[in-house]
>>> print(open('input.pdb').read())   # PDB, C-alpha atoms (C1' of nucleotides)
ATOM      1  CA  MET A   1       8.476  26.983  -8.744
ATOM      2  CA  LEU A   2       7.502  25.991 -12.256
ATOM      3  CA  SER A   3       4.044  27.253 -12.881
ATOM      4  CA  THR A   4       3.615  29.147 -16.110
ATOM      5  CA  PRO A   5       1.621  27.300 -18.761
ATOM      6  CA  ASP A   6       4.557  27.383 -21.159
ATOM      7  CA  GLU A   7       6.992  25.927 -18.692
ATOM      8  CA  LEU A   8       4.579  23.156 -17.805
ATOM      9  CA  THR A   9       3.798  22.392 -21.428
ATOM     10  CA  GLY A  10       7.517  22.073 -22.146
ATOM     11  CA  LEU A  11       8.026  19.906 -19.099
ATOM     12  CA  LEU A  12       5.351  17.472 -20.208
ATOM     13  CA  ARG A  13       6.565  17.364 -23.790
ATOM     14  CA  SER A  14      10.153  16.782 -22.689
ATOM     15  CA  HIS A  15       8.925  13.693 -20.892
ATOM     16  CA  GLY A  16       7.003  12.434 -23.880
ATOM     17  CA  ILE A  17       3.628  13.371 -22.455
ATOM     18  CA  LEU A  18       1.007  15.026 -24.602
ATOM     19  CA  PRO A  19      -0.089  18.146 -22.758
ATOM     20  CA  THR A  20      -3.834  18.266 -22.305
ATOM     21  CA  GLN A  21      -5.804  20.662 -20.122
ATOM     22  CA  GLN A  22      -6.241  18.173 -17.317
ATOM     23  CA  ARG A  23      -2.616  17.109 -17.340
ATOM     24  CA  LEU A  24      -1.516  20.727 -17.170
ATOM     25  CA  LEU A  25      -3.791  21.346 -14.201
ATOM     26  CA  ILE A  26      -2.387  18.319 -12.408
ATOM     27  CA  ALA A  27       1.186  19.243 -13.294
ATOM     28  CA  ARG A  28       0.617  22.756 -11.982
ATOM     29  CA  ALA A  29      -0.733  21.396  -8.704
ATOM     30  CA  LEU A  30       2.403  19.284  -8.370
ATOM     31  CA  PHE A  31       5.029  21.803  -9.408
ATOM     32  CA  GLU A  32       3.841  25.223  -8.374
ATOM     33  CA  ASN A  33       4.369  24.251  -4.768
ATOM     34  CA  PRO A  34       6.279  20.980  -4.745
ATOM     35  CA  ARG A  35       5.625  18.647  -1.857
ATOM     36  CA  HIS A  36       4.531  15.074  -1.225
ATOM     37  CA  VAL A  37       0.936  14.516  -2.162
ATOM     38  CA  SER A  38      -1.549  11.709  -2.453
ATOM     39  CA  ALA A  39      -3.883  11.335  -5.412
ATOM     40  CA  GLU A  40      -6.735  12.489  -3.218
ATOM     41  CA  GLN A  41      -4.912  15.697  -2.277
ATOM     42  CA  ILE A  42      -4.234  16.465  -5.931
ATOM     43  CA  MET A  43      -7.903  15.909  -6.697
ATOM     44  CA  GLY A  44      -8.845  18.368  -3.989
ATOM     45  CA  GLN A  45      -6.344  20.981  -5.062
ATOM     46  CA  VAL A  46      -7.137  20.787  -8.772
ATOM     47  CA  ASN A  47     -10.856  20.977  -8.174
ATOM     48  CA  GLU A  48     -10.729  23.874  -5.722
ATOM     49  CA  GLY A  49     -11.395  26.395  -8.451
ATOM     50  CA  GLN A  50     -13.860  26.132 -11.264
ATOM     51  CA  ALA A  51     -11.870  23.446 -13.038
ATOM     52  CA  HIS A  52     -12.984  19.868 -12.776
ATOM     53  CA  VAL A  53     -10.872  16.786 -13.311
ATOM     54  CA  SER A  54     -12.315  13.369 -12.619
ATOM     55  CA  LYS A  55     -10.923  10.890 -10.153
ATOM     56  CA  ALA A  56     -10.033   8.402 -12.890
ATOM     57  CA  THR A  57      -8.073  11.040 -14.773
ATOM     58  CA  VAL A  58      -6.173  12.074 -11.663
ATOM     59  CA  TYR A  59      -5.133   8.488 -10.953
ATOM     60  CA  ASN A  60      -4.324   7.723 -14.560
ATOM     61  CA  THR A  61      -2.352  10.921 -14.972
ATOM     62  CA  LEU A  62      -0.306  10.465 -11.811
ATOM     63  CA  GLY A  63       0.488   6.922 -12.924
ATOM     64  CA  LEU A  64       1.529   8.242 -16.326
ATOM     65  CA  PHE A  65       3.718  10.947 -14.789
ATOM     66  CA  ALA A  66       5.387   8.354 -12.582
ATOM     67  CA  ARG A  67       6.038   5.949 -15.484
ATOM     68  CA  ASN A  68       7.576   8.768 -17.487
ATOM     69  CA  GLY A  69       9.824   9.991 -14.713
ATOM     70  CA  LEU A  70       8.123  13.299 -14.069
ATOM     71  CA  VAL A  71       7.397  12.382 -10.472
ATOM     72  CA  ASN A  72       8.399   9.539  -8.152
ATOM     73  CA  GLU A  73       6.045   7.290  -6.293
ATOM     74  CA  VAL A  74       6.847   7.010  -2.607
ATOM     75  CA  ILE A  75       5.639   3.807  -0.994
ATOM     76  CA  VAL A  76       5.611   4.231   2.774
ATOM     77  CA  ASP A  77       2.062   3.529   3.803
ATOM     78  CA  PRO A  78       0.070   0.566   2.577
ATOM     79  CA  SER A  79      -3.076   2.666   2.447
ATOM     80  CA  ARG A  80      -1.942   5.255  -0.085
ATOM     81  CA  VAL A  81       0.753   6.193  -2.551
ATOM     82  CA  PHE A  82       2.504   9.550  -2.349
ATOM     83  CA  TYR A  83       3.825  11.367  -5.388
ATOM     84  CA  ASP A  84       7.006  13.359  -5.162
ATOM     85  CA  PRO A  85       7.731  16.059  -7.748
ATOM     86  CA  ASN A  86      11.346  16.088  -6.573
ATOM     87  CA  THR A  87      13.030  13.469  -8.739
ATOM     88  CA  THR A  88      16.558  14.233  -7.602
ATOM     89  CA  HIS A  89      18.282  11.605  -5.523
ATOM     90  CA  HIS A  90      17.073  11.914  -1.950
ATOM     91  CA  HIS A  91      15.415  10.008   0.863
ATOM     92  CA  HIS A  92      12.533  10.465   3.283
ATOM     93  CA  PHE A  93      11.435  10.820   6.846
ATOM     94  CA  TYR A  94       7.992   9.378   7.403
ATOM     95  CA  ASN A  95       6.117  10.335  10.540
ATOM     96  CA  ILE A  96       3.999   7.317  11.360
ATOM     97  CA  ASP A  97       1.797   9.340  13.701
ATOM     98  CA  THR A  98       0.926  12.182  11.362
ATOM     99  CA  GLY A  99       1.573  10.603   7.954
ATOM    100  CA  GLU A 100       3.886  13.497   7.145
ATOM    101  CA  LEU A 101       6.667  12.916   4.620
ATOM    102  CA  THR A 102       9.760  15.110   4.549
ATOM    103  CA  ASP A 103      12.895  15.026   2.462
ATOM    104  CA  ILE A 104      16.369  13.935   3.461
ATOM    105  CA  GLU A 105      18.864  15.356   0.995
ATOM    106  CA  ALA A 106      21.151  12.745  -0.526
ATOM    107  CA  ASP A 107      24.256  14.316   1.020
ATOM    108  CA  GLN A 108      22.721  14.067   4.490
ATOM    109  CA  LEU A 109      22.558  10.289   4.465
ATOM    110  CA  MET A 110      25.266   8.290   2.791
ATOM    111  CA  LEU A 111      24.996   4.634   2.101
ATOM    112  CA  SER A 112      27.521   2.146   0.885
ATOM    113  CA  GLU A 113      27.293   0.271  -2.380
ATOM    114  CA  PRO A 114      24.595  -2.358  -2.208
ATOM    115  CA  PRO A 115      25.839  -5.952  -2.169
ATOM    116  CA  THR A 116      25.690  -8.170  -5.219
ATOM    117  CA  LEU A 117      22.239  -7.990  -6.761
ATOM    118  CA  PRO A 118      20.119 -11.106  -7.124
ATOM    119  CA  GLU A 119      20.974 -13.150 -10.222
ATOM    120  CA  GLY A 120      19.729 -11.650 -13.485
ATOM    121  CA  THR A 121      18.590  -8.313 -12.116
ATOM    122  CA  THR A 122      19.574  -4.684 -12.532
ATOM    123  CA  ILE A 123      19.073  -1.934 -10.043
ATOM    124  CA  ALA A 124      15.961   0.188 -10.439
ATOM    125  CA  GLY A 125      16.316   2.457  -7.421
ATOM    126  CA  VAL A 126      17.149   2.685  -3.753
ATOM    127  CA  ASP A 127      14.665   4.018  -1.237
ATOM    128  CA  VAL A 128      15.575   4.877   2.311
ATOM    129  CA  ILE A 129      12.714   5.564   4.691
ATOM    130  CA  VAL A 130      13.523   6.806   8.175
ATOM    131  CA  ARG A 131      10.371   6.188  10.160
ATOM    132  CA  VAL A 132       9.859   8.560  13.060
ATOM    133  CA  ARG A 133       7.218   8.839  15.754
ATOM    134  CA  ASN A 134       6.041  11.848  17.775
ATOM    135  CA  LYS A 135       7.764  11.932  21.142
ATOM    136  CA  THR A 136       4.550  12.901  22.848
ATOM    137  CA  ALA A 137       2.355  10.402  21.062
ATOM    138  CA  ALA A 138       0.607   7.868  23.229
ATOM    139  CA  SER A 139       2.176   4.622  22.125
TER
ATOM    140  CA  MET B   1      13.543 -23.106  12.826
ATOM    141  CA  LEU B   2      11.223 -22.588  15.751
ATOM    142  CA  SER B   3       8.349 -24.924  15.352
ATOM    143  CA  THR B   4       7.527 -26.978  18.415
ATOM    144  CA  PRO B   5       4.302 -26.005  20.139
ATOM    145  CA  ASP B   6       6.168 -25.202  23.355
ATOM    146  CA  GLU B   7       8.653 -22.920  21.664
ATOM    147  CA  LEU B   8       5.903 -21.081  19.861
ATOM    148  CA  THR B   9       3.781 -20.756  22.997
ATOM    149  CA  GLY B  10       6.741 -19.259  24.821
ATOM    150  CA  LEU B  11       7.473 -16.926  21.941
ATOM    151  CA  LEU B  12       3.942 -15.557  21.943
ATOM    152  CA  ARG B  13       3.824 -15.188  25.724
ATOM    153  CA  SER B  14       7.165 -13.412  25.767
ATOM    154  CA  HIS B  15       5.642 -10.823  23.451
ATOM    155  CA  GLY B  16       2.550 -10.413  25.584
ATOM    156  CA  ILE B  17       0.322 -12.380  23.224
ATOM    157  CA  LEU B  18      -2.178 -14.881  24.534
ATOM    158  CA  PRO B  19      -1.510 -18.117  22.683
ATOM    159  CA  THR B  20      -4.626 -19.480  21.064
ATOM    160  CA  GLN B  21      -4.877 -22.310  18.580
ATOM    161  CA  GLN B  22      -5.188 -20.016  15.584
ATOM    162  CA  ARG B  23      -2.333 -17.791  16.685
ATOM    163  CA  LEU B  24      -0.108 -20.813  17.159
ATOM    164  CA  LEU B  25      -0.945 -22.062  13.670
ATOM    165  CA  ILE B  26      -0.109 -18.671  12.190
ATOM    166  CA  ALA B  27       3.067 -18.379  14.238
ATOM    167  CA  ARG B  28       4.129 -21.837  13.076
ATOM    168  CA  ALA B  29       3.550 -20.878   9.448
ATOM    169  CA  LEU B  30       5.751 -17.834   9.957
ATOM    170  CA  PHE B  31       8.562 -19.360  11.957
ATOM    171  CA  GLU B  32       8.956 -22.953  10.859
ATOM    172  CA  ASN B  33      10.276 -21.707   7.534
ATOM    173  CA  PRO B  34      10.905 -17.994   7.872
ATOM    174  CA  ARG B  35      10.498 -15.897   4.752
ATOM    175  CA  HIS B  36       8.561 -12.896   3.539
ATOM    176  CA  VAL B  37       4.881 -13.613   3.250
ATOM    177  CA  SER B  38       1.673 -11.797   2.537
ATOM    178  CA  ALA B  39      -1.467 -12.345   4.579
ATOM    179  CA  GLU B  40      -2.923 -14.290   1.686
ATOM    180  CA  GLN B  41       0.040 -16.678   1.610
ATOM    181  CA  ILE B  42      -0.285 -17.305   5.343
ATOM    182  CA  MET B  43      -3.968 -18.033   4.865
ATOM    183  CA  GLY B  44      -3.131 -20.581   2.199
ATOM    184  CA  GLN B  45      -0.393 -22.235   4.191
ATOM    185  CA  VAL B  46      -2.347 -22.452   7.419
ATOM    186  CA  ASN B  47      -5.416 -23.858   5.701
ATOM    187  CA  GLU B  48      -3.563 -26.446   3.644
ATOM    188  CA  GLY B  49      -4.187 -29.146   6.196
ATOM    189  CA  GLN B  50      -7.374 -29.833   8.062
ATOM    190  CA  ALA B  51      -7.044 -26.693  10.167
ATOM    191  CA  HIS B  52      -9.156 -23.694   9.313
ATOM    192  CA  VAL B  53      -8.451 -20.098  10.249
ATOM    193  CA  SER B  54     -10.627 -17.338   8.865
ATOM    194  CA  LYS B  55      -9.367 -14.449   6.789
ATOM    195  CA  ALA B  56     -10.302 -11.905   9.466
ATOM    196  CA  THR B  57      -8.310 -13.798  12.076
ATOM    197  CA  VAL B  58      -5.271 -14.028   9.822
ATOM    198  CA  TYR B  59      -5.297 -10.281   9.199
ATOM    199  CA  ASN B  60      -6.005  -9.417  12.807
ATOM    200  CA  THR B  61      -3.331 -11.785  14.058
ATOM    201  CA  LEU B  62      -0.637 -10.557  11.691
ATOM    202  CA  GLY B  63      -1.449  -6.999  12.735
ATOM    203  CA  LEU B  64      -1.211  -8.018  16.380
ATOM    204  CA  PHE B  65       2.124  -9.787  15.817
ATOM    205  CA  ALA B  66       3.467  -6.695  14.063
ATOM    206  CA  ARG B  67       2.319  -4.318  16.813
ATOM    207  CA  ASN B  68       3.963  -6.545  19.418
ATOM    208  CA  GLY B  69       7.264  -6.831  17.592
ATOM    209  CA  LEU B  70       7.037 -10.505  16.712
ATOM    210  CA  VAL B  71       7.256  -9.750  12.987
ATOM    211  CA  ASN B  72       7.961  -6.661  10.901
ATOM    212  CA  GLU B  73       5.733  -5.251   8.247
ATOM    213  CA  VAL B  74       7.541  -4.580   4.997
ATOM    214  CA  ILE B  75       5.929  -1.876   2.891
ATOM    215  CA  VAL B  76       7.256  -2.098  -0.649
ATOM    216  CA  ASP B  77       4.206  -2.546  -2.798
ATOM    217  CA  PRO B  78       1.038  -0.521  -2.421
ATOM    218  CA  SER B  79      -1.059  -3.555  -3.221
ATOM    219  CA  ARG B  80      -0.029  -5.718  -0.302
ATOM    220  CA  VAL B  81       1.872  -5.825   2.978
ATOM    221  CA  PHE B  82       4.589  -8.398   3.556
ATOM    222  CA  TYR B  83       5.384  -9.799   6.976
ATOM    223  CA  ASP B  84       8.932 -10.618   7.910
ATOM    224  CA  PRO B  85       9.626 -13.000  10.801
ATOM    225  CA  ASN B  86      13.231 -11.814  10.802
ATOM    226  CA  THR B  87      13.194  -8.868  13.196
ATOM    227  CA  THR B  88      16.946  -8.400  13.272
ATOM    228  CA  HIS B  89      18.337  -5.297  11.647
ATOM    229  CA  HIS B  90      18.478  -5.844   7.911
ATOM    230  CA  HIS B  91      17.277  -4.489   4.586
ATOM    231  CA  HIS B  92      15.609  -5.739   1.431
ATOM    232  CA  PHE B  93      15.855  -6.276  -2.259
ATOM    233  CA  TYR B  94      12.501  -5.994  -3.962
ATOM    234  CA  ASN B  95      12.099  -7.362  -7.467
ATOM    235  CA  ILE B  96       9.475  -5.160  -9.073
ATOM    236  CA  ASP B  97       8.898  -7.677 -11.844
ATOM    237  CA  THR B  98       8.332 -10.761  -9.736
ATOM    238  CA  GLY B  99       7.321  -9.215  -6.396
ATOM    239  CA  GLU B 100      10.073 -11.243  -4.734
ATOM    240  CA  LEU B 101      11.567  -9.898  -1.517
ATOM    241  CA  THR B 102      15.016 -10.965  -0.347
ATOM    242  CA  ASP B 103      17.126  -9.954   2.603
ATOM    243  CA  ILE B 104      20.198  -7.768   2.673
ATOM    244  CA  GLU B 105      22.113  -8.402   5.862
ATOM    245  CA  ALA B 106      22.849  -5.266   7.852
ATOM    246  CA  ASP B 107      26.603  -5.689   7.431
ATOM    247  CA  GLN B 108      26.256  -5.779   3.640
ATOM    248  CA  LEU B 109      24.887  -2.263   3.401
ATOM    249  CA  MET B 110      26.128   0.410   5.721
ATOM    250  CA  LEU B 111      24.494   3.728   6.088
ATOM    251  CA  SER B 112      25.568   6.844   7.888
ATOM    252  CA  GLU B 113      23.756   8.340  10.824
ATOM    253  CA  PRO B 114      20.533   9.932   9.723
ATOM    254  CA  PRO B 115      20.508  13.734   9.889
ATOM    255  CA  THR B 116      18.704  15.621  12.618
ATOM    256  CA  LEU B 117      15.206  14.241  13.015
ATOM    257  CA  PRO B 118      12.189  16.485  12.544
ATOM    258  CA  GLU B 119      11.324  18.515  15.648
ATOM    259  CA  GLY B 120       9.676  16.510  18.424
ATOM    260  CA  THR B 121      10.180  13.064  16.934
ATOM    261  CA  THR B 122      12.093   9.940  17.807
ATOM    262  CA  ILE B 123      13.309   7.333  15.422
ATOM    263  CA  ALA B 124      11.092   4.315  14.914
ATOM    264  CA  GLY B 125      13.078   2.444  12.298
ATOM    265  CA  VAL B 126      15.034   2.708   9.084
ATOM    266  CA  ASP B 127      14.027   0.796   5.997
ATOM    267  CA  VAL B 128      16.236   0.475   2.970
ATOM    268  CA  ILE B 129      14.627  -0.982  -0.143
ATOM    269  CA  VAL B 130      16.837  -1.736  -3.125
ATOM    270  CA  ARG B 131      14.431  -2.074  -6.025
ATOM    271  CA  VAL B 132      15.644  -4.344  -8.804
ATOM    272  CA  ARG B 133      14.224  -5.341 -12.147
ATOM    273  CA  ASN B 134      14.764  -8.458 -14.268
ATOM    274  CA  LYS B 135      17.390  -7.818 -16.934
ATOM    275  CA  THR B 136      15.337  -9.690 -19.484
ATOM    276  CA  ALA B 137      12.027  -8.133 -18.603
ATOM    277  CA  ALA B 138      10.304  -6.209 -21.341
ATOM    278  CA  SER B 139      10.275  -2.677 -20.015
TER
ATOM    279  C1'  DG C   1     -18.425 -17.361  34.777
ATOM    280  C1'  DT C   2     -16.018 -13.628  32.565
ATOM    281  C1'  DC C   3     -13.367 -11.576  29.185
ATOM    282  C1'  DA C   4     -10.844 -12.054  25.096
ATOM    283  C1'  DG C   5     -10.592 -14.278  20.565
ATOM    284  C1'  DT C   6     -12.773 -16.101  16.321
ATOM    285  C1'  DG C   7     -15.645 -16.580  12.138
ATOM    286  C1'  DC C   8     -18.536 -14.888   8.774
ATOM    287  C1'  DA C   9     -20.122 -11.607   5.743
ATOM    288  C1'  DA C  10     -20.563  -7.118   4.761
ATOM    289  C1'  DA C  11     -18.423  -2.722   4.632
ATOM    290  C1'  DC C  12     -14.379   0.142   3.357
ATOM    291  C1'  DC C  13     -11.270   2.660   0.630
ATOM    292  C1'  DC C  14      -8.016   3.427  -2.671
ATOM    293  C1'  DT C  15      -7.293   2.317  -7.272
ATOM    294  C1'  DT C  16      -8.351   0.422 -11.921
ATOM    295  C1'  DT C  17     -11.266  -0.533 -15.853
ATOM    296  C1'  DG C  18     -14.908  -0.362 -19.700
ATOM    297  C1'  DC C  19     -16.948   2.299 -22.723
ATOM    298  C1'  DA C  20     -19.135   6.315 -24.907
ATOM    299  C1'  DG C  21     -18.285  11.104 -25.783
ATOM    300  C1'  DA C  22     -14.729  14.951 -26.336
ATOM    301  C1'  DA C  23     -10.400  16.882 -27.599
ATOM    302  C1'  DA C  24      -5.733  17.012 -29.715
ATOM    303  C1'  DG C  25      -2.974  17.012 -33.886
TER
ATOM    304  C1'  DC D   1     -10.339  12.610 -39.757
ATOM    305  C1'  DT D   2      -7.862   9.569 -36.664
ATOM    306  C1'  DT D   3      -6.037   8.648 -32.475
ATOM    307  C1'  DT D   4      -5.648   9.543 -27.823
ATOM    308  C1'  DC D   5      -7.709  11.319 -23.652
ATOM    309  C1'  DT D   6     -11.486  12.099 -20.377
ATOM    310  C1'  DG D   7     -15.487  11.246 -17.437
ATOM    311  C1'  DC D   8     -18.594   8.482 -15.235
ATOM    312  C1'  DA D   9     -19.903   4.696 -12.806
ATOM    313  C1'  DA D  10     -19.054   0.237 -11.731
ATOM    314  C1'  DA D  11     -15.760  -3.373 -10.627
ATOM    315  C1'  DG D  12     -11.645  -4.917  -8.121
ATOM    316  C1'  DG D  13      -8.905  -6.451  -4.325
ATOM    317  C1'  DG D  14      -6.615  -6.232  -0.087
ATOM    318  C1'  DT D  15      -7.919  -5.056   4.559
ATOM    319  C1'  DT D  16     -11.076  -3.871   8.440
ATOM    320  C1'  DT D  17     -15.272  -4.052  11.112
ATOM    321  C1'  DG D  18     -19.767  -5.535  13.566
ATOM    322  C1'  DC D  19     -21.709  -8.876  15.965
ATOM    323  C1'  DA D  20     -22.949 -13.397  17.692
ATOM    324  C1'  DC D  21     -20.516 -17.648  18.970
ATOM    325  C1'  DT D  22     -16.576 -20.064  20.972
ATOM    326  C1'  DG D  23     -12.680 -20.759  23.710
ATOM    327  C1'  DA D  24      -9.122 -19.427  27.262
ATOM    328  C1'  DC D  25      -8.339 -19.063  32.047
TER
END
>>> encode(input="input.pdb", output="structure tokens")
Amino acid sequence: MLSTPDELTGLLRSHGILPTQQRLLIARALFENPRHVSAEQIMGQVNEGQAHVSKATVYNTLGLFARNGLVNEVIVDPSRVFYDPNTTHHHHFYNIDTGELTDIEADQLMLSEPPTLPEGTTIAGVDVIVRVRNKTAAS
Amino acid sequence: MLSTPDELTGLLRSHGILPTQQRLLIARALFENPRHVSAEQIMGQVNEGQAHVSKATVYNTLGLFARNGLVNEVIVDPSRVFYDPNTTHHHHFYNIDTGELTDIEADQLMLSEPPTLPEGTTIAGVDVIVRVRNKTAAS
DNA sequence: GTCAGTGCAAACCCTTTGCAGAAAG
DNA sequence: CTTTCTGCAAAGGGTTTGCACTGAC
């Protein structure tokens, strides 16, 4: 989708992120073929070629991207965080057998206004996770 | 709520769980005052008195309870799993500043039928997490 | 008596951190 | 030149595991 160096540089700058070589590599891995990825998968993808980005930098960069709204963290599995380059309003299927995450477009799943928020709080986001299981899986 | 030894014993048996002393202590901690707790909190509560249950047993037991439908795991924070003794259909507020989890009754938040499930899967559950933030929190 | 459960400590794994060297502006 | 970023390795922290002992039936 987005994958030219210039586009990526602009994307980072527009989110207040200084574009460095490593950040561009990580951004390219996320946006040239957008899907849900773990930090480990990004590490693998970035380091496939001759480039090398350290584990610490991958984690720090993904955290930075998430704080600056470039990607969303998806919390569905206590053992790892997924990063989602799609920051439009949408929800997720999570296959508990395979660990696979897929999108549910916002218009496919409507939900009513949430009830009154707890005292002194503002809304930060609404996540809907539809957990599914393989029909054939031994339960 | 439920807290007599007999009630708890019956509850465990009805979920196919052999009632042992440690499991009864953990079940009592969960059900005598139902709320959202982490494994660590259960450890603390169970071991307040003269009883002692090891960390491994607490984790193993909570996992067993969750697999057998006695409690639900609530995945909202990558750093820890919460256990919810309320297994009726409901949703959650999660305060990202304080880590506090509170219930949203099912009738307070309606959602439409989920779209077609991914090929070959059945639904395992739907989680709705409304993330909130303290108004006064330094962002 | 047999099988399942428990306790302890060590292992695990993802993630974060400290600090010296490198790169960006 | 100054400030921020990166890499490495080590620390961190919740959770799981291996194995001998204990308890349930």
>>> residues_around(input="input.pdb", residues="Pro114 in chain B", least_positions_apart="4", cutoff="10 Å", atoms="all atoms listed in the file", output="list of chain:residue names")
A:Phe93, A:Ile104, A:Gln108, A:Leu109, A:Met110, A:Val130, B:Ile123, B:Val126
>>> resolve_selection(input="input.pdb", expression="the PyMOL selection byres ((chain A) within 7 of (chain B))", output="VMD selection string")
chain A and resid 75 to 78 80 to 81 108 to 115 120 to 135
>>> closest_atom_pairs(input="input.pdb", of="chain D", to="chain B", cutoff="8 Å", atoms="all atoms listed in the file", output="CSV")
residue,atom,partner,partner_atom,distance
D:DG14,C1',B:Arg80,CA,6.6
D:DT15,C1',B:Tyr59,CA,7.5
D:DA24,C1',B:Thr20,CA,7.7
>>> write_last_selection(input="input.pdb", atoms="C-alpha atoms (C1' of nucleotides)", output="PDB file, in the coordinates of the input")
ATOM      1  C1'  DG D  14      -6.615  -6.232  -0.087  1.00  0.00           C
ATOM      2  C1'  DT D  15      -7.919  -5.056   4.559  1.00  0.00           C
ATOM      3  C1'  DA D  24      -9.122 -19.427  27.262  1.00  0.00           C
TER       4       DA D  24
END
>>> resolve_selection(input="input.pdb", expression="the PyMOL selection byres ((chain C) within 12 of (chain B))", output="ChimeraX atom specification")
/C:4-9,14-15
>>> atom_distance(input="input.pdb", atom1="C1' of DT17 in chain D", atom2="CA of Val58 in chain B")
14.2 Å
>>> residues_near_point(input="input.pdb", point="(4.2, -21.2, 20.8)", cutoff="12 Å", atoms="only C-alpha atoms (C1' of nucleotides)", output="count of residues only")
32
>>> residues_near_point(input="input.pdb", point="(-18.0, -3.6, -11.3)", cutoff="10 Å", atoms="only C-alpha atoms (C1' of nucleotides)", output="CSV table (one decimal) with C-alpha atoms (C1' of nucleotides), keeping the file's coordinate frame")
chain,number,residue,atom,x,y,z
C,17,DT,C1',-11.3,-0.5,-15.9
C,18,DG,C1',-14.9,-0.4,-19.7
D,9,DA,C1',-19.9,4.7,-12.8
D,10,DA,C1',-19.1,0.2,-11.7
D,11,DA,C1',-15.8,-3.4,-10.6
D,12,DG,C1',-11.6,-4.9,-8.1
>>> atom_distance(input="input.pdb", atom1="CA of Gly63 in chain B", atom2="CA of Phe82 in chain B")
11.1 Å
>>> closest_residue(input="input.pdb", among="A:Ala106, A:Phe65, A:Pro85, A:His52", to="DG7 in chain D", atoms="all atoms listed in the file")
A:His52
>>> atom_distance(input="input.pdb", atom1="CA of Val46 in chain B", atom2="C1' of DA10 in chain C")
24.0 Å
>>> resolve_selection(input="input.pdb", expression="the PyMOL selection byres ((chain C and resi 23) around 10)", output="PDB file with C-alpha atoms (C1' of nucleotides), in the frame of the given file")
ATOM      1  CA  THR A  20      -3.834  18.266 -22.305  1.00  0.00           C
ATOM      2  CA  GLN A  21      -5.804  20.662 -20.122  1.00  0.00           C
TER       3      GLN A  21
ATOM      4  C1'  DG C  21     -18.285  11.104 -25.783  1.00  0.00           C
ATOM      5  C1'  DA C  22     -14.729  14.951 -26.336  1.00  0.00           C
ATOM      6  C1'  DA C  24      -5.733  17.012 -29.715  1.00  0.00           C
ATOM      7  C1'  DG C  25      -2.974  17.012 -33.886  1.00  0.00           C
TER       8       DG C  25
ATOM      9  C1'  DT D   4      -5.648   9.543 -27.823  1.00  0.00           C
ATOM     10  C1'  DC D   5      -7.709  11.319 -23.652  1.00  0.00           C
ATOM     11  C1'  DT D   6     -11.486  12.099 -20.377  1.00  0.00           C
TER      12       DT D   6
END
>>> decode(input="input.pdb", residues="range 10-19 of chain D", atoms="N, CA, C and O atoms (P, O5', C5', C4', C3', O3' and C1' of nucleotides)", output="short mmCIF file (atom, residue, chain, number, x, y, z; two decimals), in the first residue's frame")
data_model
loop_
_atom_site.label_atom_id
_atom_site.label_comp_id
_atom_site.auth_asym_id
_atom_site.auth_seq_id
_atom_site.Cartn_x
_atom_site.Cartn_y
_atom_site.Cartn_z
P DA D 10 24.87 -10.29 29.41
"O5'" DA D 10 24.75 -9.61 30.86
"C5'" DA D 10 24.71 -8.19 30.98
"C4'" DA D 10 23.43 -7.75 31.68
"C3'" DA D 10 22.82 -8.79 32.63
"O3'" DA D 10 22.50 -8.12 33.84
"C1'" DA D 10 21.17 -8.00 31.15
P DA D 11 21.88 -8.88 35.08
"O5'" DA D 11 20.46 -8.18 35.26
"C5'" DA D 11 20.40 -6.76 35.31
"C4'" DA D 11 18.96 -6.32 35.23
"C3'" DA D 11 18.05 -6.97 36.28
"O3'" DA D 11 17.23 -5.94 36.80
"C1'" DA D 11 17.18 -7.35 34.11
P DG D 12 16.31 -6.22 38.09
"O5'" DG D 12 14.84 -6.20 37.50
"C5'" DG D 12 14.61 -5.66 36.22
"C4'" DG D 12 13.15 -5.82 35.88
"C3'" DG D 12 12.30 -6.52 36.94
"O3'" DG D 12 11.12 -5.75 37.08
"C1'" DG D 12 12.19 -7.70 34.86
P DG D 13 10.14 -5.95 38.29
"O5'" DG D 13 9.01 -6.87 37.64
"C5'" DG D 13 8.43 -6.50 36.38
"C4'" DG D 13 7.39 -7.54 36.01
"C3'" DG D 13 6.79 -8.28 37.22
"O3'" DG D 13 5.43 -8.54 36.94
"C1'" DG D 13 7.84 -9.82 35.80
P DG D 14 4.44 -8.94 38.11
"O5'" DG D 14 3.49 -9.96 37.35
"C5'" DG D 14 2.82 -9.52 36.16
"C4'" DG D 14 2.70 -10.68 35.22
"C3'" DG D 14 1.86 -11.85 35.74
"O3'" DG D 14 0.98 -12.25 34.71
"C1'" DG D 14 3.98 -12.62 35.08
P DT D 15 -0.11 -13.37 35.00
"O5'" DT D 15 0.64 -14.70 34.56
"C5'" DT D 15 0.94 -14.87 33.18
"C4'" DT D 15 1.69 -16.16 32.96
"C3'" DT D 15 0.97 -17.41 33.44
"O3'" DT D 15 0.75 -18.22 32.30
"C1'" DT D 15 3.27 -17.43 34.03
P DT D 16 0.15 -19.69 32.43
"O5'" DT D 16 1.46 -20.60 32.39
"C5'" DT D 16 2.37 -20.43 31.33
"C4'" DT D 16 3.46 -21.49 31.42
"C3'" DT D 16 2.94 -22.92 31.65
"O3'" DT D 16 3.65 -23.73 30.73
"C1'" DT D 16 4.54 -22.36 33.30
P DT D 17 3.35 -25.29 30.62
"O5'" DT D 17 4.68 -25.97 31.18
"C5'" DT D 17 5.89 -25.24 31.21
"C4'" DT D 17 6.98 -26.09 31.85
"C3'" DT D 17 6.64 -27.57 32.04
"O3'" DT D 17 7.84 -28.31 31.88
"C1'" DT D 17 7.03 -26.59 34.13
P DG D 18 7.81 -29.89 31.70
"O5'" DG D 18 8.87 -30.40 32.78
"C5'" DG D 18 9.96 -29.56 33.20
"C4'" DG D 18 10.77 -30.28 34.26
"C3'" DG D 18 10.53 -31.79 34.38
"O3'" DG D 18 11.72 -32.39 34.88
"C1'" DG D 18 9.66 -30.68 36.30
P DC D 19 11.83 -33.97 35.10
"O5'" DC D 19 11.61 -34.09 36.67
"C5'" DC D 19 12.35 -33.25 37.56
"C4'" DC D 19 11.90 -33.50 38.99
"C3'" DC D 19 11.50 -34.95 39.28
"O3'" DC D 19 11.95 -35.29 40.57
"C1'" DC D 19 9.76 -33.51 39.87
#
